[in-house]
>>> print(open('entry35.tsv').read())   # TSV, C-alpha atoms
chain	number	residue	atom	x	y	z
A	1	MET	CA	-28.37	63.78	61.16
A	2	GLY	CA	-27.38	60.56	62.81
A	3	SER	CA	-30.53	58.81	61.69
A	4	GLU	CA	-30.08	60.06	58.15
A	5	ARG	CA	-26.49	58.75	58.03
A	6	MET	CA	-27.60	55.39	59.32
A	7	GLU	CA	-30.29	55.26	56.67
A	8	MET	CA	-27.79	56.12	53.94
A	9	ARG	CA	-25.38	53.40	55.14
A	10	LYS	CA	-28.18	50.85	55.09
A	11	ARG	CA	-29.04	51.83	51.53
A	12	GLN	CA	-25.38	51.61	50.47
A	13	MET	CA	-25.00	48.17	52.07
A	14	SER	CA	-28.22	47.03	50.42
A	15	VAL	CA	-27.01	48.22	47.01
A	16	GLN	CA	-23.62	46.53	47.53
A	17	GLN	CA	-25.26	43.25	48.49
A	18	GLU	CA	-27.54	43.40	45.46
A	19	SER	CA	-24.57	44.16	43.21
A	20	ALA	CA	-22.59	41.35	44.72
A	21	ALA	CA	-25.45	38.93	44.30
A	22	GLY	CA	-26.06	40.05	40.73
A	23	GLY	CA	-22.36	39.78	39.84
A	24	THR	CA	-21.69	36.36	41.24
A	25	ALA	CA	-24.74	34.70	39.76
A	26	PRO	CA	-23.83	35.35	36.13
A	27	ALA	CA	-20.24	34.36	36.87
A	28	GLN	CA	-21.42	31.04	38.27
A	29	GLN	CA	-23.68	30.58	35.29
A	30	ASP	CA	-20.86	31.38	32.89
A	31	GLN	CA	-18.58	28.71	34.31
A	32	PRO	CA	-20.50	25.73	32.91
A	33	SER	CA	-20.90	27.46	29.58
A	34	GLN	CA	-17.13	27.97	29.42
A	35	ALA	CA	-16.38	24.48	30.61
A	36	ASN	CA	-18.75	22.75	28.20
A	37	PRO	CA	-17.14	23.97	25.00
A	38	ARG	CA	-13.75	22.95	26.32
A	39	GLY	CA	-15.13	19.62	27.39
A	40	SER	CA	-16.82	19.17	24.06
A	41	ASN	CA	-13.71	20.16	22.16
A	42	ALA	CA	-11.62	17.91	24.33
A	43	CYS	CA	-13.86	14.97	23.56
A	44	CYS	CA	-13.90	15.78	19.87
A	45	PHE	CA	-10.14	16.29	19.85
A	46	CYS	CA	-9.61	13.06	21.73
A	47	TRP	CA	-11.76	11.06	19.30
A	48	CYS	CA	-10.25	12.58	16.17
A	49	CYS	CA	-6.63	12.63	17.19
A	50	CYS	CA	-6.46	9.65	19.52
A	51	CYS	CA	-9.10	7.12	18.63
A	52	SER	CA	-9.19	7.77	14.91
A	53	CYS	CA	-5.45	8.10	14.50
A	54	SER	CA	-4.73	5.02	16.57
A	55	TRP	CA	-7.13	3.12	14.33
A	56	ASN	CA	-5.30	4.45	11.29
A	57	GLU	CA	-1.98	3.41	12.82
A	58	ASP	CA	-3.34	-0.09	13.32
A	59	ARG	CA	-4.52	-0.14	9.71
A	60	ASP	CA	-1.11	1.05	8.50
A	61	GLU	CA	0.54	-1.65	10.55
A	62	ARG	CA	-1.75	-4.28	9.01
A	63	ASN	CA	-0.90	-2.98	5.54
A	64	ARG	CA	2.82	-3.09	6.27
A	65	LYS	CA	2.48	-6.65	7.54
A	66	ALA	CA	0.46	-7.64	4.47
A	67	SER	CA	3.10	-6.17	2.21
A	68	TYR	CA	5.86	-7.96	4.11
A	69	ASP	CA	4.04	-11.31	4.02
A	70	VAL	CA	3.58	-11.15	0.25
A	71	LYS	CA	7.23	-10.27	-0.26
A	72	GLU	CA	8.23	-13.28	1.83
A	73	GLY	CA	6.81	-15.49	-0.92
A	74	THR	CA	8.66	-13.55	-3.60
A	75	SER	CA	12.16	-12.72	-2.40
A	76	ASP	CA	14.11	-9.77	-3.72
A	77	CYS	CA	16.29	-12.02	-5.89
A	78	GLU	CA	15.56	-15.58	-6.88
A	79	ASP	CA	18.27	-18.10	-6.16
A	80	CYS	CA	19.78	-19.18	-9.44
A	81	PRO	CA	23.15	-19.91	-11.03
A	82	LYS	CA	24.88	-17.40	-13.25
A	83	PRO	CA	23.32	-17.49	-16.74
A	84	THR	CA	25.21	-18.97	-19.66
A	85	LEU	CA	25.73	-17.25	-23.00
A	86	GLU	CA	23.18	-19.58	-24.56
A	87	GLU	CA	20.56	-18.68	-21.97
A	88	VAL	CA	21.10	-14.94	-22.41
A	89	HIS	CA	20.80	-15.35	-26.20
A	90	MET	CA	17.53	-17.23	-25.64
A	91	TRP	CA	16.20	-14.33	-23.58
A	92	GLY	CA	16.60	-12.15	-26.64
A	93	GLN	CA	14.65	-14.61	-28.79
A	94	SER	CA	11.54	-14.99	-26.67
A	95	PHE	CA	9.93	-13.27	-23.71
A	96	ASP	CA	8.55	-16.66	-22.61
A	97	LYS	CA	12.10	-18.04	-22.42
A	98	LEU	CA	13.18	-15.01	-20.41
A	99	MET	CA	10.35	-15.46	-17.92
A	100	CYS	CA	10.93	-19.21	-17.61
A	101	CYS	CA	14.49	-18.64	-16.41
A	102	PRO	CA	15.04	-17.41	-12.82
A	103	ALA	CA	18.19	-15.55	-13.85
A	104	GLY	CA	16.25	-13.96	-16.70
A	105	ARG	CA	13.50	-12.84	-14.37
A	106	ASN	CA	16.08	-11.35	-12.01
A	107	SER	CA	17.75	-9.39	-14.78
A	108	PHE	CA	14.45	-8.20	-16.23
A	109	ARG	CA	13.16	-7.26	-12.79
A	110	GLN	CA	16.22	-5.09	-12.14
A	111	PHE	CA	15.53	-3.34	-15.44
A	112	LEU	CA	11.89	-2.78	-14.51
A	113	ARG	CA	13.08	-1.22	-11.27
A	114	THR	CA	14.92	1.46	-13.25
A	115	GLU	CA	11.66	2.20	-15.09
A	116	PHE	CA	9.66	2.31	-11.84
A	117	SER	CA	7.47	-0.59	-12.94
A	118	GLU	CA	8.86	-3.38	-10.79
A	119	GLU	CA	5.38	-3.95	-9.35
A	120	ASN	CA	4.44	-5.75	-12.58
A	121	MET	CA	7.02	-8.46	-11.98
A	122	LEU	CA	6.21	-8.55	-8.26
A	123	PHE	CA	2.54	-9.09	-9.03
A	124	TRP	CA	3.30	-11.82	-11.58
A	125	LEU	CA	5.56	-13.61	-9.09
A	126	ALA	CA	2.93	-13.27	-6.35
A	127	CYS	CA	0.34	-14.84	-8.65
A	128	GLU	CA	2.71	-17.71	-9.46
A	129	GLU	CA	3.22	-18.34	-5.75
A	130	PHE	CA	-0.50	-17.99	-5.07
A	131	SER	CA	-1.40	-20.58	-7.73
A	132	LYS	CA	0.62	-23.25	-5.88
A	133	GLU	CA	-1.44	-23.01	-2.67
A	134	THR	CA	-3.79	-25.89	-1.84
A	135	ASN	CA	-5.18	-24.99	1.58
A	136	LYS	CA	-8.52	-23.19	1.14
A	137	SER	CA	-8.20	-20.98	4.21
A	138	VAL	CA	-4.68	-19.97	3.15
A	139	ILE	CA	-5.93	-19.29	-0.38
A	140	GLU	CA	-8.44	-16.77	0.96
A	141	GLU	CA	-5.80	-15.05	3.11
A	142	LYS	CA	-3.19	-14.90	0.34
A	143	ALA	CA	-5.80	-13.64	-2.12
A	144	ARG	CA	-6.60	-10.78	0.24
A	145	LEU	CA	-2.89	-9.93	0.56
A	146	VAL	CA	-2.34	-9.98	-3.20
A	147	TYR	CA	-5.41	-7.81	-3.68
A	148	GLU	CA	-4.34	-5.24	-1.07
A	149	ASP	CA	-0.78	-5.10	-2.39
A	150	TYR	CA	-1.36	-4.95	-6.15
A	151	ILE	CA	-5.06	-4.48	-7.03
A	152	SER	CA	-6.32	-1.96	-4.49
A	153	ILE	CA	-6.31	1.64	-5.71
A	154	LEU	CA	-4.92	2.62	-2.30
A	155	SER	CA	-1.75	0.60	-2.77
A	156	PRO	CA	1.46	2.33	-3.95
A	157	LYS	CA	2.21	-0.88	-5.89
A	158	GLU	CA	-1.10	-0.97	-7.76
A	159	VAL	CA	-0.72	-2.53	-11.22
A	160	SER	CA	-2.46	-1.14	-14.29
A	161	LEU	CA	-5.55	-3.19	-15.17
A	162	ASP	CA	-8.53	-2.42	-17.36
A	163	SER	CA	-11.97	-2.01	-15.82
A	164	ARG	CA	-13.25	-5.38	-17.03
A	165	VAL	CA	-10.48	-7.35	-15.34
A	166	ARG	CA	-10.72	-5.25	-12.19
A	167	GLU	CA	-14.48	-5.83	-11.92
A	168	THR	CA	-13.97	-9.56	-12.40
A	169	ILE	CA	-11.46	-9.66	-9.56
A	170	ASN	CA	-13.78	-7.68	-7.29
A	171	ARG	CA	-16.52	-10.24	-7.88
A	172	ASN	CA	-14.18	-13.18	-7.40
A	173	MET	CA	-12.87	-11.79	-4.12
A	174	GLN	CA	-16.19	-12.69	-2.49
A	175	GLU	CA	-15.10	-16.33	-2.75
A	176	PRO	CA	-11.47	-16.31	-3.92
A	177	ASN	CA	-9.94	-19.38	-5.53
A	178	LEU	CA	-6.76	-20.26	-7.40
A	179	HIS	CA	-8.08	-18.63	-10.59
A	180	THR	CA	-9.06	-15.30	-9.03
A	181	PHE	CA	-6.11	-13.43	-10.58
A	182	ASP	CA	-5.71	-15.39	-13.83
A	183	ASP	CA	-6.98	-12.64	-16.13
A	184	ALA	CA	-5.02	-9.97	-14.29
A	185	GLN	CA	-1.80	-11.99	-14.38
A	186	LEU	CA	-2.17	-12.57	-18.11
A	187	GLN	CA	-2.83	-8.89	-18.75
A	188	ILE	CA	0.28	-7.82	-16.80
A	189	TYR	CA	2.36	-10.49	-18.52
A	190	THR	CA	1.23	-9.19	-21.90
A	191	LEU	CA	1.94	-5.61	-20.82
A	192	MET	CA	5.50	-6.47	-19.86
A	193	GLN	CA	6.00	-8.41	-23.09
A	194	ARG	CA	4.76	-5.65	-25.38
A	195	ASP	CA	5.93	-2.59	-23.50
A	196	SER	CA	9.00	-3.27	-21.34
A	197	TYR	CA	10.59	-6.30	-22.99
A	198	PRO	CA	11.64	-4.54	-26.26
A	199	ARG	CA	13.27	-1.76	-24.26
A	200	TYR	CA	15.03	-4.31	-22.08
A	201	LEU	CA	16.65	-5.94	-25.14
A	202	ASN	CA	17.95	-2.52	-26.24
A	203	SER	CA	19.09	-1.51	-22.77
A	204	LEU	CA	22.61	-1.37	-21.42
A	205	ALA	CA	21.52	-3.82	-18.73
A	206	TYR	CA	21.02	-6.58	-21.30
A	207	LYS	CA	23.98	-5.60	-23.49
A	208	ASN	CA	26.34	-5.40	-20.53
A	209	LEU	CA	25.21	-8.86	-19.48
A	210	LEU	CA	25.65	-10.30	-22.95
A	211	LYS	CA	29.00	-8.72	-23.84
A	212	PRO	CA	31.28	-10.34	-21.21
A	213	LEU	CA	29.71	-13.72	-21.81
A	214	SER	CA	30.35	-13.35	-25.54
A	215	GLU	CA	33.97	-12.40	-24.90
A	216	GLN	CA	34.50	-15.41	-22.66
A	217	SER	CA	32.92	-17.85	-25.09
A	218	PRO	CA	35.86	-18.32	-27.54
A	219	GLU	CA	38.30	-18.91	-24.67
A	220	SER	CA	36.02	-21.52	-23.14
>>> encode(input="entry35.tsv", output="structure tokens")
Amino acid sequence: MGSERMEMRKRQMSVQQESAAGGTAPAQQDQPSQANPRGSNACCFCWCCCCSCSWNEDRDERNRKASYDVKEGTSDCEDCPKPTLEEVHMWGQSFDKLMCCPAGRNSFRQFLRTEFSEENMLFWLACEEFSKETNKSVIEEKARLVYEDYISILSPKEVSLDSRVRETINRNMQEPNLHTFDDAQLQIYTLMQRDSYPRYLNSLAYKNLLKPLSEQSPES
């Protein structure tokens, strides 16, 4: 009996050792397989949410800076004296006379803002400022800023241009010069003249500007 019990204990211990060995091996093998997906996901997560997003943040910062730099050349309101009654009457006679007068541009720009089309005036002013540049390296930089702010389809201030003019600008941007935006500026000028200018003359903004000046005229 004693020998039989000893034999049974040996068998039980042997089975337990085999079970223990068989159980730990798969567990050890499973650890890398569980760690790898987490490691892989961590790397993927890090690249997508850290590297990629930080690059996007840098790009957004560059875009904000570009937008700010362009606006520096075209301030929110041009410095100009208060318009006279004669000047305001002239604005109603000709769009060219309106655009030649800083006070006229300011008044018209405020009207465009109410129609959510202020970018047309901003683009025209940016082109006027751009055309005065003489330094070649600065011309290339300013051309890129104007393009990103008003021509790029990704810009919230993109102006409406036909495909022909847009293709011409895209070609000219390879070697930008002072005439890169000439066709686009003319097209936007014509758009404002034909579309927004008639509404401006019939708007309260223009009438409210004209009325007090007319009332003051006899007294002066």
>>> residues_near_point(input="entry35.tsv", point="(-5.2, -13.0, -5.4)", cutoff="7 Å", atoms="all atoms listed in the file", output="list in words")
Cys127, Phe130, Lys142, Ala143, Arg144, Val146, Tyr147, Thr180 and Phe181 of chain A
>>> closest_residue(input="entry35.tsv", among="A:Pro176, A:Lys97, A:Leu204, A:Ile188", to="Ser137 (chain A)", atoms="only C-alpha atoms")
A:Pro176
>>> closest_residue(input="entry35.tsv", among="A:Ser131, A:Asn106, A:Ser163, A:Asn208", to="Glu118 (chain A)", atoms="only C-alpha atoms")
A:Asn106
>>> residues_around(input="entry35.tsv", residues="region 167-169 of chain A", least_positions_apart="2", cutoff="12 Å", atoms="only C-alpha atoms", output="JSON, numbers by chain")
{"A": [143, 144, 146, 147, 148, 150, 151, 152, 161, 162, 163, 164, 165, 171, 172, 173, 174, 175, 176, 177, 178, 179, 180, 181, 182, 183, 184, 185]}
>>> closest_residue(input="entry35.tsv", among="A:Asp149, A:Glu133, A:Glu128, A:Gly104", to="His89 (chain A)", atoms="only C-alpha atoms")
A:Gly104
>>> atom_distance(input="entry35.tsv", atom1="CA of Lys211 (chain A)", atom2="CA of Leu85 (chain A)")
9.2 Å
>>> atom_distance(input="entry35.tsv", atom1="CA of Leu209 (chain A)", atom2="CA of Leu191 (chain A)")
23.5 Å
>>> closest_residue(input="entry35.tsv", among="A:Asp96, A:Glu87, A:Glu140, A:Glu115", to="Gln193 (chain A)", atoms="only C-alpha atoms")
A:Asp96
